[in-house]
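Source file protein_26.pdb; content: PDB, C-alpha atoms.
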ATOM      1  CA  MET V  26     -29.153 -65.162  22.048
ATOM      2  CA  PRO V  27     -28.013 -63.612  18.762
ATOM      3  CA  LEU V  28     -30.637 -65.727  17.023
ATOM      4  CA  LEU V  29     -33.403 -63.820  18.801
ATOM      5  CA  ARG V  30     -32.070 -60.287  18.192
ATOM      6  CA  ASP V  31     -33.847 -60.029  14.825
ATOM      7  CA  GLU V  32     -37.065 -61.226  16.432
ATOM      8  CA  GLU V  33     -36.575 -58.637  19.197
ATOM      9  CA  LYS V  34     -36.195 -55.802  16.659
ATOM     10  CA  TYR V  35     -39.252 -56.978  14.760
ATOM     11  CA  LEU V  36     -41.450 -57.206  17.885
ATOM     12  CA  LYS V  37     -40.307 -53.792  19.120
ATOM     13  CA  SER V  38     -41.272 -52.333  15.727
ATOM     14  CA  LEU V  39     -44.795 -53.684  16.356
ATOM     15  CA  GLY V  40     -45.019 -51.984  19.766
ATOM     16  CA  TYR V  41     -44.026 -54.880  22.024
ATOM     17  CA  LYS V  42     -42.115 -53.796  25.126
ATOM     18  CA  TYR V  43     -38.950 -55.786  25.870
ATOM     19  CA  LEU V  44     -39.091 -57.151  29.449
ATOM     20  CA  GLY V  45     -35.992 -59.321  29.701
ATOM     21  CA  GLU V  46     -34.421 -62.599  28.758
ATOM     22  CA  GLY V  47     -33.097 -65.854  30.112
ATOM     23  CA  SER V  48     -30.656 -68.309  28.619
ATOM     24  CA  PHE V  49     -33.025 -69.514  25.908
ATOM     25  CA  GLN V  50     -35.923 -67.067  25.755
ATOM     26  CA  MET V  51     -37.004 -63.432  25.596
ATOM     27  CA  ALA V  52     -40.097 -61.870  27.129
ATOM     28  CA  PHE V  53     -42.150 -58.921  25.897
ATOM     29  CA  LYS V  54     -45.303 -57.154  27.028
ATOM     30  CA  GLU V  55     -47.792 -57.523  24.231
ATOM     31  CA  PRO V  56     -49.447 -54.228  23.275
ATOM     32  CA  GLY V  57     -53.132 -53.932  24.021
ATOM     33  CA  THR V  58     -53.624 -57.388  25.540
ATOM     34  CA  GLY V  59     -51.919 -57.403  28.942
ATOM     35  CA  TYR V  60     -50.251 -60.728  28.084
ATOM     36  CA  CYS V  61     -46.607 -61.586  28.272
ATOM     37  CA  TYR V  62     -45.342 -62.763  24.882
ATOM     38  CA  LYS V  63     -42.314 -65.059  24.899
ATOM     39  CA  VAL V  64     -40.027 -66.395  22.207
ATOM     40  CA  ALA V  65     -37.929 -69.399  23.160
ATOM     41  CA  GLU V  66     -35.613 -72.000  21.741
ATOM     42  CA  LYS V  67     -37.422 -75.317  21.911
ATOM     43  CA  ASP V  68     -35.575 -78.069  23.763
ATOM     44  CA  LYS V  69     -36.379 -81.030  26.018
ATOM     45  CA  GLY V  70     -36.630 -78.833  29.140
ATOM     46  CA  PHE V  71     -38.967 -76.397  27.424
ATOM     47  CA  ASN V  72     -41.172 -79.228  26.123
ATOM     48  CA  ALA V  73     -41.403 -80.580  29.670
ATOM     49  CA  PHE V  74     -42.387 -77.113  30.922
ATOM     50  CA  LEU V  75     -45.213 -76.764  28.385
ATOM     51  CA  THR V  76     -46.525 -80.253  29.126
ATOM     52  CA  ALA V  77     -46.322 -79.669  32.891
ATOM     53  CA  THR V  78     -48.454 -76.511  32.624
ATOM     54  CA  GLN V  79     -51.170 -78.640  31.028
ATOM     55  CA  LYS V  80     -50.908 -81.792  33.169
ATOM     56  CA  ILE V  81     -50.012 -80.559  36.672
ATOM     57  CA  LYS V  82     -52.734 -78.549  38.363
ATOM     58  CA  SER V  83     -51.157 -75.909  40.585
ATOM     59  CA  ILE V  84     -51.645 -72.207  41.202
ATOM     60  CA  HIS V  85     -47.849 -72.007  41.211
ATOM     61  CA  LEU V  86     -47.460 -72.748  37.496
ATOM     62  CA  PRO V  87     -48.175 -70.114  34.835
ATOM     63  CA  LYS V  88     -51.201 -70.018  32.575
ATOM     64  CA  VAL V  89     -49.945 -70.583  29.030
ATOM     65  CA  TYR V  90     -51.935 -69.616  25.939
ATOM     66  CA  GLU V  91     -51.481 -70.017  22.188
ATOM     67  CA  VAL V  92     -48.250 -71.920  21.567
ATOM     68  CA  ASN V  93     -46.790 -71.834  18.046
ATOM     69  CA  GLU V  94     -43.616 -73.431  16.703
ATOM     70  CA  PHE V  95     -41.489 -71.868  13.976
ATOM     71  CA  ARG V  96     -38.004 -71.844  12.489
ATOM     72  CA  PHE V  97     -35.974 -68.899  11.263
ATOM     73  CA  PRO V  98     -35.490 -69.231   7.496
ATOM     74  CA  ASP V  99     -31.695 -68.981   7.768
ATOM     75  CA  ARG V 100     -31.439 -71.308  10.814
ATOM     76  CA  ARG V 101     -33.752 -74.196   9.914
ATOM     77  CA  SER V 102     -32.084 -76.615  12.335
ATOM     78  CA  ILE V 103     -33.194 -74.690  15.425
ATOM     79  CA  LYS V 104     -36.801 -75.074  16.564
ATOM     80  CA  MET V 105     -38.350 -72.014  18.161
ATOM     81  CA  VAL V 106     -41.590 -71.468  20.066
ATOM     82  CA  GLN V 107     -43.644 -68.365  20.611
ATOM     83  CA  TYR V 108     -46.295 -68.339  23.298
ATOM     84  CA  ARG V 109     -48.357 -66.111  25.540
ATOM     85  CA  THR V 110     -48.636 -66.268  29.302
ATOM     86  CA  GLU V 111     -50.427 -64.245  31.882
ATOM     87  CA  PHE V 112     -48.497 -61.108  32.834
ATOM     88  CA  LEU V 113     -46.518 -61.747  36.036
ATOM     89  CA  HIS V 114     -44.491 -59.455  38.291
ATOM     90  CA  LYS V 115     -41.189 -59.377  40.123
ATOM     91  CA  ASP V 116     -41.228 -59.304  43.926
ATOM     92  CA  LYS V 117     -38.664 -58.418  46.581
ATOM     93  CA  ASP V 118     -39.073 -61.790  48.346
ATOM     94  CA  ILE V 119     -38.447 -64.039  45.326
ATOM     95  CA  GLY V 120     -34.802 -64.685  46.268
ATOM     96  CA  LEU V 121     -35.756 -65.804  49.761
ATOM     97  CA  ALA V 122     -38.668 -67.840  48.416
ATOM     98  CA  SER V 123     -36.446 -69.672  45.925
ATOM     99  CA  ARG V 124     -34.005 -70.606  48.724
ATOM    100  CA  ILE V 125     -36.860 -72.038  50.793
ATOM    101  CA  ILE V 126     -38.279 -73.883  47.762
ATOM    102  CA  ASP V 127     -34.848 -75.324  46.993
ATOM    103  CA  GLN V 128     -34.648 -76.568  50.594
ATOM    104  CA  ILE V 129     -38.107 -78.154  50.217
ATOM    105  CA  ARG V 130     -36.810 -79.968  47.119
ATOM    106  CA  ASN V 131     -33.778 -81.215  49.068
ATOM    107  CA  TYR V 132     -35.986 -82.647  51.822
ATOM    108  CA  LEU V 133     -38.282 -84.301  49.273
ATOM    109  CA  LYS V 134     -35.296 -86.013  47.667
ATOM    110  CA  TYR V 135     -34.679 -87.702  51.033
ATOM    111  CA  GLY V 136     -38.293 -88.855  51.193
ATOM    112  CA  TYR V 137     -39.595 -86.579  53.958
ATOM    113  CA  GLN V 138     -43.352 -86.019  54.137
ATOM    114  CA  ASN V 139     -45.005 -82.582  54.122
ATOM    115  CA  GLU V 140     -45.613 -82.357  57.881
ATOM    116  CA  TYR V 141     -41.982 -83.049  58.688
ATOM    117  CA  ILE V 142     -40.799 -80.728  55.907
ATOM    118  CA  GLU V 143     -42.816 -77.883  57.447
ATOM    119  CA  THR V 144     -41.119 -78.562  60.802
ATOM    120  CA  LEU V 145     -37.666 -78.651  59.230
ATOM    121  CA  ILE V 146     -38.246 -75.466  57.218
ATOM    122  CA  SER V 147     -39.439 -73.650  60.355
ATOM    123  CA  ARG V 148     -36.176 -74.723  61.989
ATOM    124  CA  ASP V 149     -34.002 -73.711  58.986
ATOM    125  CA  PHE V 150     -35.429 -70.205  58.440
ATOM    126  CA  ASN V 151     -36.344 -67.439  60.862
ATOM    127  CA  ARG V 152     -39.946 -66.392  61.558
ATOM    128  CA  LYS V 153     -39.613 -63.059  59.804
ATOM    129  CA  ASP V 154     -38.497 -64.747  56.567
ATOM    130  CA  LEU V 155     -41.213 -67.388  56.801
ATOM    131  CA  ARG V 156     -43.854 -64.684  57.342
ATOM    132  CA  ALA V 157     -42.551 -62.815  54.288
ATOM    133  CA  VAL V 158     -42.908 -65.823  51.986
ATOM    134  CA  SER V 159     -46.157 -67.068  53.560
ATOM    135  CA  ARG V 160     -47.948 -64.435  51.479
ATOM    136  CA  LEU V 161     -46.534 -66.104  48.327
ATOM    137  CA  PHE V 162     -47.061 -69.814  49.055
ATOM    138  CA  LYS V 163     -47.830 -72.427  51.701
ATOM    139  CA  ILE V 164     -45.043 -74.892  52.478
ATOM    140  CA  GLY V 165     -47.328 -77.929  52.022
ATOM    141  CA  ASP V 166     -48.692 -76.711  48.675
ATOM    142  CA  MET V 167     -45.183 -76.058  47.386
ATOM    143  CA  ALA V 168     -43.981 -79.459  48.628
ATOM    144  CA  ASN V 169     -46.835 -81.084  46.665
ATOM    145  CA  LEU V 170     -45.889 -79.174  43.514
ATOM    146  CA  ILE V 171     -42.170 -79.943  43.842
ATOM    147  CA  ARG V 172     -42.999 -83.626  44.445
ATOM    148  CA  ASP V 173     -45.085 -83.624  41.217
ATOM    149  CA  LEU V 174     -42.319 -81.819  39.321
ATOM    150  CA  LEU V 175     -39.698 -84.307  40.548
ATOM    151  CA  LYS V 176     -41.786 -87.247  39.309
ATOM    152  CA  PHE V 177     -42.487 -85.443  36.059
ATOM    153  CA  SER V 178     -38.807 -84.573  35.506
ATOM    154  CA  LYS V 179     -37.673 -88.181  35.962
ATOM    155  CA  ARG V 180     -40.111 -89.393  33.297
ATOM    156  CA  ARG V 181     -38.827 -86.785  30.838
ATOM    157  CA  ASP V 182     -35.109 -86.909  31.667
ATOM    158  CA  VAL V 183     -34.867 -83.226  32.675
ATOM    159  CA  PHE V 184     -33.797 -81.443  35.864
ATOM    160  CA  ILE V 185     -35.710 -79.139  38.187
ATOM    161  CA  ASP V 186     -34.100 -75.727  37.849
ATOM    162  CA  ILE V 187     -34.682 -73.663  41.006
ATOM    163  CA  HIS V 188     -33.194 -70.162  41.147
ATOM    164  CA  ASP V 189     -34.398 -66.573  41.542
ATOM    165  CA  GLY V 190     -34.743 -66.045  37.790
ATOM    166  CA  ASN V 191     -37.295 -68.834  37.433
ATOM    167  CA  PHE V 192     -39.939 -67.326  39.705
ATOM    168  CA  MET V 193     -42.331 -64.421  39.371
ATOM    169  CA  VAL V 194     -45.509 -63.373  41.180
ATOM    170  CA  ARG V 195     -49.159 -63.409  40.156
ATOM    171  CA  LYS V 196     -51.345 -60.723  41.730
ATOM    172  CA  VAL V 197     -54.914 -61.839  42.461
ATOM    173  CA  ASP V 198     -57.415 -59.876  44.579
ATOM    174  CA  ASN V 199     -54.688 -57.962  46.474
ATOM    175  CA  LYS V 200     -52.876 -61.232  47.184
ATOM    176  CA  LYS V 201     -49.689 -62.589  45.668
ATOM    177  CA  GLN V 202     -48.844 -66.125  44.523
ATOM    178  CA  ILE V 203     -45.372 -67.241  43.528
ATOM    179  CA  VAL V 204     -45.267 -68.782  40.037
ATOM    180  CA  PHE V 205     -42.578 -71.159  38.772
ATOM    181  CA  ILE V 206     -42.092 -69.773  35.245
ATOM    182  CA  ASP V 207     -39.408 -72.132  33.946
ATOM    183  CA  PRO V 208     -39.097 -75.197  36.188
ATOM    184  CA  PHE V 209     -36.982 -77.507  33.996
ATOM    185  CA  ALA V 210     -33.582 -77.588  32.364
ATOM    186  CA  SER V 211     -32.499 -80.242  29.879
ATOM    187  CA  GLU V 212     -28.878 -80.151  31.100
ATOM    188  CA  TRP V 213     -26.754 -78.658  33.865
TER     189      TRP V 213
END
Once you've parsed the file, please lay out its structure as structure tokens.
Amino acid sequence: MPLLRDEEKYLKSLGYKYLGEGSFQMAFKEPGTGYCYKVAEKDKGFNAFLTATQKIKSIHLPKVYEVNEFRFPDRRSIKMVQYRTEFLHKDKDIGLASRIIDQIRNYLKYGYQNEYIETLISRDFNRKDLRAVSRLFKIGDMANLIRDLLKFSKRRDVFIDIHDGNFMVRKVDNKKQIVFIDPFASEW
């Protein structure tokens, strides 16, 4: 991420708070707005993510606002994107949730329907764990989203990228919803 270090310094000088980074993006808390401001390298997986947030209706995808493309003057060959999202939070049950969601994806690949997936998941994970994640998502709702993402990923030649770092939590009316913040990768 050396390319983004100058951008990081610049944003910090404007009062943005550095929140963290992934392989191809950095996140900041935007001063005075409550939004999360992200700077990312634009690739096929990222394009699929932005399109999915507009086309797939799910409470488990982030709300994305104001997307702008740019290039660094000294690195014209690399396309970058800056965008705002709602501010999301980390949660202690994200690791467990991502394991369950990955298992849902595995069952969907074999063609299982939601009702049977719920039965299999209740067999694969203990009640305590299922209760913990039930406050973040419903198995059937997540199966529907993953099914949509699988179809979407095939049409765009990208992969679904499920791991702890790609989930955060939205807080709404004292409830929590898991949000898939970066569902696609362009390569493994």
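Of the residues under consideration (V:Gly57, V:Gly47, V:Pro208, V:Gly165), V:Gly165 shows the shortest atom-to-atom contact distance to V:Leu133 when counting only C-alpha atoms.
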Inset, instruction - Can you work out which one of V:Ile125, V:Val106, V:Asp207, V:Ile185 has the shortest atom-to-atom distance to V:Ser147, counting all atoms listed in the file? - result: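 Closest residue, counting all atoms listed in the file: V:Ile125.
The spacing separating atom CA of V:Lys115 from atom CA of V:Lys134 amounts to 28.3 Å.
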Inset, instruction - Could you list the residues chosen by the PyMOL selection byres ((chain V and resi 192-197) around 9) in this structure as a ChimeraX atom specification? - result: /V:85,87,111-116,119-120,122-123,161,187-191,198-208
Legend entry - Exercise: stretch 33-38 of chain V partners within 10 Å, all atoms listed in the file, chain neighbours under 5 positions left out, as a list in words: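 The neighbour list is Pro27, Leu28, Tyr43, Met51, Ala52, Phe53, Lys54, Glu55, Tyr62 and Val64 of chain V.
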